[in-house]
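To keep things clear, I will list the structure first and then write my remarks on it.
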Amino acid sequence: MTKADVLLGLQWGDEGKGKIVDVLTPNYQIVARFQGGPNAGHTLEFNGIKHVLHTIPSGIFHEGCINIVGNGVVIDPIIFKKEIDALIKMGVNVKEKLKISRKAHLILPTHKLLDAASEASKGNDKIGSTLKGIGPTYMDKTGRNGLRIGDITKPDFRKKYDFLVAKHAQLLEFHKFSYNLADFENDWFEGIEVLKSLDHVDSEYYINDALINKKTVLAEGAQGSLLDIDFGSYPFVTSSNTITAGACTGLGIAPTRIGEVIGIFKAYCTRVGSGPFPTELFDNTGEELRRIGREFGATTGRPRRCGWLDLPALKYAAMLNGVTQLMMMKSDVLSGFETIKVCTHYNYNGKTTDIIPYDSIGENIIPVYKEFKGWKNDLTQIENIEEIPEELNNYIKFIEDQLGIPVVIVSVGPDRKQTLKRERVTV
Ligand code: GDP
Ligand code: IMO
Ligand code: MG
């Protein structure tokens, strides 16, 4: 029996998970998403093509790899259809390679409206949601009202849909939110027809059978550990467990069946949406990180907030996930900065700590930085890890020492090829 490896983001999302899943997929027979939904935007670049996936796993471009949308994922039929259409146009045999859990929940048009109504009612305290209906859909899941993929082929599906929509209409009335449902319903039911045409599976059986038959499985996380519903900066989080434990519940893999845990992080930090971000830079350096790193959301196009690497937060994420290997992304973006800073501790209410405080909002938390000498070299053309500047090597070694986990990949550009292996990746 093999074990499933898990790959996830250790920060606030957009770490470069999509790129690395695509790079690692040749080592795996199955790639499976376990949580989140179209709030995710996973970018892949190869052969001059740039592609953003939202719900479909990032192994979809490789021959011989089965891609599974697990039970923990929430699916918007409208966005899903668009993703499928785009892939078919690119010649991807989606029908053969994609399987969807019968237990995955559906995002209704009214879930999206409720997301918008909830955000509007919060005013300045809004979460900064991607407005894809994620929160309301997970609310209906835990509230035991949700509709699932397995329901769409049942004769009473329309009845169940109408019942839930009527419930949502009452909530929207409470919010005094005006809308026209007809604007979305046609597209939504078209999407349902596309979903019907795909392969529905009991993915927990499918994956466990695969593991028994010694197949290799990679679970692909969405969002990041600091957006986790339990451990993120609540309430400025997403509505699912983004950590390794989420792969257990979101795919039906027992904890004893988890193998490597691959933690992806950027060489600096970004966050999109509201919420605490102790190392955020509001100055020219922050602007430069955003410009050079092209830090604009893959799903919403919003500018990402940028700042220095936050080690207490990274250690926290590594602890929660049981990370066994680290991969550092966007190292190329740091080229040219005179000095690179890393937050090693916080000064919190006058005391030095590396624990994430319960209220880590705003002024009461001051990052304590260690400074590193920068480098001038362009890293994007480097093909061998031995060629990276010594200053970058020092930076990586410091992070490894602090976390006690090896950095096995250093990414130096968005393309598949711009990936430097530091040590053999154990798979
Ligand atoms: P994900 O959500 O974790 O899959 O990440 P996103 O796709 O939302 O954001 C990562 C962005 O950085 C994408 O535009 C990638 O193409 C890009 N990217 C990934 N790795 C690197 C890298 O090493 N260097 C640079 N410059 N860009 C990268
Ligand atoms: P990937 O998988 C970055 C953020 C939103 C908002 C909060 C809640 O591409 O890394 P939601 O729509 O889930 O209710 O929004 O979470 N967020 C992400 N930020 N990357 C993501 O996904 C995100 N998915 C959600 O900006 O702050
Ligand atoms: Mg993203």
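Each chain of the structure tokens is named A, B, ... in the order shown, its residues numbered from 1; ligands are numbered from 1 in display order.
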
For the helix (DSSP H, G or I) assignment from backbone DSSP, which residues of region 227-421 of chain A qualify? Please present them as a PyMOL selection string. chain A and resi 227+244-251+255-257+284-292+311-321+331-334+362-364+385-387+390-403

Let me see if you get this right: every residue at most 9 Å from ligand 1, counting only C-alpha atoms and all ligand atoms, written as a PyMOL selection string. chain A and resi 8-9+13-21+40-45+50-54+58+221-224+264-267+292-299+328-333+380+410-416+418-419

Considering only C-alpha atoms, can you say which of A:Leu334, A:Ile365, A:Leu164, A:Ile60 comes closest to Thr279 (chain A)?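 Using only C-alpha atoms, Thr279 (chain A) sits closest to A:Ile365.
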
Just want the 12 Å neighbourhood of Phe61 (chain A), counted on only C-alpha atoms, with same-chain residues fewer than 5 positions away dropped. Output as a ChimeraX atom specification. /A:18-19,21-26,31,44-47,49-53,56,66-67,87-88,90-94,97-98

Would you output that residue set with N, CA, C and O atoms, as a short mmCIF file (atom, residue, chain, number, x, y, z; two decimals), in the first residue's frame?
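Output file result_19.cif follows:
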```
data_model
loop_
_atom_site.label_atom_id
_atom_site.label_comp_id
_atom_site.auth_asym_id
_atom_site.auth_seq_id
_atom_site.Cartn_x
_atom_site.Cartn_y
_atom_site.Cartn_z
N GLY A 18 -0.20 25.71 -8.00
CA GLY A 18 -0.55 25.18 -9.33
C GLY A 18 0.70 24.83 -10.12
O GLY A 18 0.80 23.75 -10.71
N LYS A 19 1.68 25.74 -10.11
CA LYS A 19 2.91 25.49 -10.86
C LYS A 19 3.58 24.21 -10.37
O LYS A 19 4.00 23.36 -11.16
N VAL A 21 2.37 21.64 -8.58
CA VAL A 21 1.60 20.41 -8.84
C VAL A 21 1.87 19.96 -10.28
O VAL A 21 2.14 18.79 -10.55
N ASP A 22 1.84 20.92 -11.20
CA ASP A 22 2.10 20.60 -12.60
C ASP A 22 3.52 20.03 -12.78
O ASP A 22 3.71 19.06 -13.52
N VAL A 23 4.48 20.59 -12.08
CA VAL A 23 5.88 20.11 -12.16
C VAL A 23 5.99 18.69 -11.60
O VAL A 23 6.71 17.85 -12.15
N LEU A 24 5.26 18.42 -10.52
CA LEU A 24 5.40 17.11 -9.85
C LEU A 24 4.51 16.02 -10.45
O LEU A 24 4.73 14.84 -10.17
N THR A 25 3.52 16.40 -11.24
CA THR A 25 2.54 15.42 -11.71
C THR A 25 3.14 14.21 -12.43
O THR A 25 2.64 13.10 -12.27
N PRO A 26 4.24 14.35 -13.20
CA PRO A 26 4.82 13.15 -13.81
C PRO A 26 5.13 12.04 -12.79
O PRO A 26 5.23 10.87 -13.15
N VAL A 31 -4.06 13.03 -9.11
CA VAL A 31 -3.97 14.32 -8.41
C VAL A 31 -5.39 14.68 -7.98
O VAL A 31 -6.33 14.58 -8.78
N LEU A 44 -0.63 27.84 -14.21
CA LEU A 44 0.37 26.93 -14.77
C LEU A 44 0.95 27.58 -16.02
O LEU A 44 0.21 28.18 -16.79
N GLU A 45 2.25 27.47 -16.20
CA GLU A 45 2.86 27.99 -17.43
C GLU A 45 3.80 26.96 -18.02
O GLU A 45 4.70 26.46 -17.33
N PHE A 46 3.59 26.64 -19.29
CA PHE A 46 4.51 25.73 -19.99
C PHE A 46 4.33 25.93 -21.49
O PHE A 46 3.26 26.31 -21.95
N ASN A 47 5.37 25.67 -22.25
CA ASN A 47 5.36 25.82 -23.71
C ASN A 47 4.72 27.14 -24.16
O ASN A 47 3.92 27.16 -25.11
N ILE A 49 2.35 28.67 -22.85
CA ILE A 49 0.93 28.75 -22.50
C ILE A 49 0.82 29.13 -21.02
O ILE A 49 1.53 28.58 -20.18
N LYS A 50 -0.11 30.07 -20.73
CA LYS A 50 -0.40 30.37 -19.32
C LYS A 50 -1.86 29.99 -19.10
O LYS A 50 -2.74 30.40 -19.86
N HIS A 51 -2.12 29.20 -18.08
CA HIS A 51 -3.49 28.73 -17.86
C HIS A 51 -3.83 28.82 -16.37
O HIS A 51 -3.02 28.47 -15.53
N VAL A 52 -5.05 29.30 -16.06
CA VAL A 52 -5.47 29.39 -14.66
C VAL A 52 -6.61 28.38 -14.41
O VAL A 52 -7.62 28.41 -15.11
N LEU A 53 -6.41 27.52 -13.43
CA LEU A 53 -7.45 26.55 -13.05
C LEU A 53 -8.10 27.00 -11.74
O LEU A 53 -7.42 27.56 -10.87
N ILE A 56 -10.58 22.54 -11.09
CA ILE A 56 -9.99 21.32 -11.65
C ILE A 56 -8.54 21.19 -11.17
O ILE A 56 -7.80 22.18 -11.18
N ILE A 66 -4.98 10.75 -13.53
CA ILE A 66 -6.41 10.94 -13.22
C ILE A 66 -6.53 12.10 -12.25
O ILE A 66 -5.79 12.18 -11.27
N ASN A 67 -7.44 13.00 -12.53
CA ASN A 67 -7.65 14.16 -11.68
C ASN A 67 -9.01 14.06 -10.99
O ASN A 67 -10.03 13.84 -11.65
N LEU A 87 -10.46 23.81 -21.43
CA LEU A 87 -9.53 22.68 -21.52
C LEU A 87 -9.77 21.86 -22.79
O LEU A 87 -8.83 21.44 -23.47
N ILE A 88 -11.06 21.66 -23.11
CA ILE A 88 -11.38 20.90 -24.33
C ILE A 88 -10.81 21.63 -25.55
O ILE A 88 -10.23 21.01 -26.44
N MET A 90 -8.24 23.31 -25.67
CA MET A 90 -6.78 23.11 -25.70
C MET A 90 -6.43 21.66 -26.02
O MET A 90 -5.25 21.29 -26.00
N GLY A 91 -7.44 20.85 -26.28
CA GLY A 91 -7.19 19.46 -26.67
C GLY A 91 -7.04 18.50 -25.50
O GLY A 91 -6.61 17.36 -25.68
N VAL A 92 -7.42 18.94 -24.30
CA VAL A 92 -7.31 18.05 -23.13
C VAL A 92 -8.53 17.12 -23.10
O VAL A 92 -9.67 17.57 -23.23
N ASN A 93 -8.25 15.83 -22.93
CA ASN A 93 -9.34 14.87 -22.88
C ASN A 93 -9.91 14.81 -21.45
O ASN A 93 -9.63 13.92 -20.67
N VAL A 94 -10.76 15.81 -21.18
CA VAL A 94 -11.25 16.00 -19.82
C VAL A 94 -12.09 14.81 -19.37
O VAL A 94 -11.98 14.34 -18.24
N LYS A 97 -10.03 11.99 -18.09
CA LYS A 97 -9.07 12.21 -17.01
C LYS A 97 -9.68 12.74 -15.72
O LYS A 97 -9.01 12.78 -14.70
N LEU A 98 -10.93 13.19 -15.80
CA LEU A 98 -11.50 13.89 -14.64
C LEU A 98 -12.60 13.07 -13.97
O LEU A 98 -13.47 12.51 -14.65
#
```

Could you pull the residues within 9 Å of Thr270 (chain A), counting only C-alpha atoms, minus those fewer than 2 positions along the same chain, as a list in words?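 That gives Gln11, Trp12, Gly13, Asp14, Glu15, Lys266, Tyr268, Val272, Phe277, Glu280, Arg290, Glu295, Arg304, Arg305, Cys306, Gly307, Trp308 and Leu309 of chain A.
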
Determine which residues of region 166-286 of chain A DSSP labels as strand (DSSP E or B) from the backbone of this structure, then write them out as a list in words.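 Put together, the selection reads Asp199, His200, Val201, Val217, Leu218, Ala219, Glu220, Ile258, Gly259, Glu260, Val261, Ile262, Gly263, Ile264, Phe265, Lys266, Cys269, Thr270, Arg271 and Glu280 of chain A.
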
List the neighbours of Ile396 (chain A) out to 9 Å using only C-alpha atoms; skip same-chain residues closer than 3 positions along the sequence, and give me the result as a list of chain:residue names. A:Ala267, A:Met328, A:Glu391, A:Leu392, A:Asn393, A:Ile399, A:Glu400, A:Asp401, A:Val407, A:Val410

May I ask for the distance between CA of Asp378 (chain A) and CA of Ile409 (chain A), given in Å to one decimal place?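 Going from CA of Asp378 (chain A) over to CA of Ile409 (chain A) covers 17.6 Å.
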
Counting only C-alpha atoms, what is within 9 Å of region 214-216 of chain A, bar same-chain residues fewer than 2 positions away, as an MDAnalysis selection string? chainID A and resid 1:5 27:31 207 209:212 218 427

Which residues, written as a PyMOL selection string, have at least one atom at most 9 Å from Thr110 (chain A), with only C-alpha atoms counted and residues fewer than 4 positions away on the same chain left out? chain A and resi 114-115+133+136+164-165+168-169+172+181

Selection from above, all heavy atoms, as an mmCIF file, in the first residue's frame, can you write it?
```cif
data_model
loop_
_atom_site.group_PDB
_atom_site.id
_atom_site.type_symbol
_atom_site.label_atom_id
_atom_site.label_comp_id
_atom_site.auth_asym_id
_atom_site.auth_seq_id
_atom_site.Cartn_x
_atom_site.Cartn_y
_atom_site.Cartn_z
ATOM 1 N N LEU A 114 -25.731 35.519 -1.643
ATOM 2 C CA LEU A 114 -25.626 35.609 -0.174
ATOM 3 C C LEU A 114 -24.227 36.054 0.252
ATOM 4 O O LEU A 114 -24.080 36.797 1.224
ATOM 5 C CB LEU A 114 -25.958 34.257 0.470
ATOM 6 C CG LEU A 114 -27.445 33.908 0.510
ATOM 7 C CD1 LEU A 114 -27.637 32.437 0.872
ATOM 8 C CD2 LEU A 114 -28.190 34.809 1.502
ATOM 9 N N ASP A 115 -23.220 35.586 -0.472
ATOM 10 C CA ASP A 115 -21.833 36.003 -0.199
ATOM 11 C C ASP A 115 -21.731 37.523 -0.353
ATOM 12 O O ASP A 115 -21.203 38.225 0.524
ATOM 13 C CB ASP A 115 -20.892 35.313 -1.213
ATOM 14 C CG ASP A 115 -19.503 35.040 -0.652
ATOM 15 O OD1 ASP A 115 -19.244 35.431 0.486
ATOM 16 O OD2 ASP A 115 -18.694 34.413 -1.378
ATOM 17 N N GLY A 133 -19.232 32.554 -3.475
ATOM 18 C CA GLY A 133 -20.264 31.797 -2.761
ATOM 19 C C GLY A 133 -19.714 30.713 -1.842
ATOM 20 O O GLY A 133 -20.456 29.820 -1.395
ATOM 21 N N PRO A 136 -21.255 30.789 2.128
ATOM 22 C CA PRO A 136 -22.639 30.298 2.209
ATOM 23 C C PRO A 136 -22.790 28.820 1.804
ATOM 24 O O PRO A 136 -23.622 28.106 2.358
ATOM 25 C CB PRO A 136 -23.391 31.218 1.233
ATOM 26 C CG PRO A 136 -22.590 32.487 1.242
ATOM 27 C CD PRO A 136 -21.155 32.060 1.378
ATOM 28 N N LEU A 164 -34.226 24.981 -1.553
ATOM 29 C CA LEU A 164 -33.073 25.696 -0.984
ATOM 30 C C LEU A 164 -33.058 27.155 -1.444
ATOM 31 O O LEU A 164 -32.765 28.069 -0.657
ATOM 32 C CB LEU A 164 -31.768 24.975 -1.371
ATOM 33 C CG LEU A 164 -30.493 25.435 -0.675
ATOM 34 C CD1 LEU A 164 -30.646 25.453 0.842
ATOM 35 C CD2 LEU A 164 -29.306 24.545 -1.052
ATOM 36 N N VAL A 165 -33.425 27.361 -2.708
ATOM 37 C CA VAL A 165 -33.449 28.738 -3.228
ATOM 38 C C VAL A 165 -34.495 29.571 -2.476
ATOM 39 O O VAL A 165 -34.259 30.747 -2.157
ATOM 40 C CB VAL A 165 -33.714 28.737 -4.757
ATOM 41 C CG1 VAL A 165 -34.071 30.135 -5.259
ATOM 42 C CG2 VAL A 165 -32.486 28.220 -5.504
ATOM 43 N N HIS A 168 -32.988 30.637 0.684
ATOM 44 C CA HIS A 168 -32.023 31.713 0.446
ATOM 45 C C HIS A 168 -32.726 33.042 0.169
ATOM 46 O O HIS A 168 -32.240 34.103 0.558
ATOM 47 C CB HIS A 168 -31.118 31.361 -0.738
ATOM 48 C CG HIS A 168 -30.183 30.220 -0.450
ATOM 49 N ND1 HIS A 168 -29.538 29.518 -1.448
ATOM 50 C CD2 HIS A 168 -29.801 29.653 0.705
ATOM 51 C CE1 HIS A 168 -28.783 28.578 -0.902
ATOM 52 N NE2 HIS A 168 -28.940 28.642 0.408
ATOM 53 N N ALA A 169 -33.879 32.960 -0.531
ATOM 54 C CA ALA A 169 -34.615 34.187 -0.872
ATOM 55 C C ALA A 169 -35.025 34.918 0.410
ATOM 56 O O ALA A 169 -34.970 36.154 0.479
ATOM 57 C CB ALA A 169 -35.847 33.837 -1.712
ATOM 58 N N LEU A 172 -31.973 36.649 1.730
ATOM 59 C CA LEU A 172 -31.625 37.806 0.899
ATOM 60 C C LEU A 172 -32.583 38.956 1.166
ATOM 61 O O LEU A 172 -32.206 40.133 1.121
ATOM 62 C CB LEU A 172 -31.627 37.412 -0.585
ATOM 63 C CG LEU A 172 -30.437 36.526 -0.985
ATOM 64 C CD1 LEU A 172 -30.700 35.814 -2.314
ATOM 65 C CD2 LEU A 172 -29.150 37.347 -1.079
ATOM 66 N N LEU A 181 -32.562 36.486 -10.235
ATOM 67 C CA LEU A 181 -32.032 35.128 -10.291
ATOM 68 C C LEU A 181 -31.968 34.583 -11.721
ATOM 69 O O LEU A 181 -31.060 33.824 -12.070
ATOM 70 C CB LEU A 181 -32.898 34.217 -9.414
ATOM 71 C CG LEU A 181 -32.289 32.910 -8.969
ATOM 72 C CD1 LEU A 181 -30.946 33.123 -8.324
ATOM 73 C CD2 LEU A 181 -33.240 32.209 -8.002
#
```
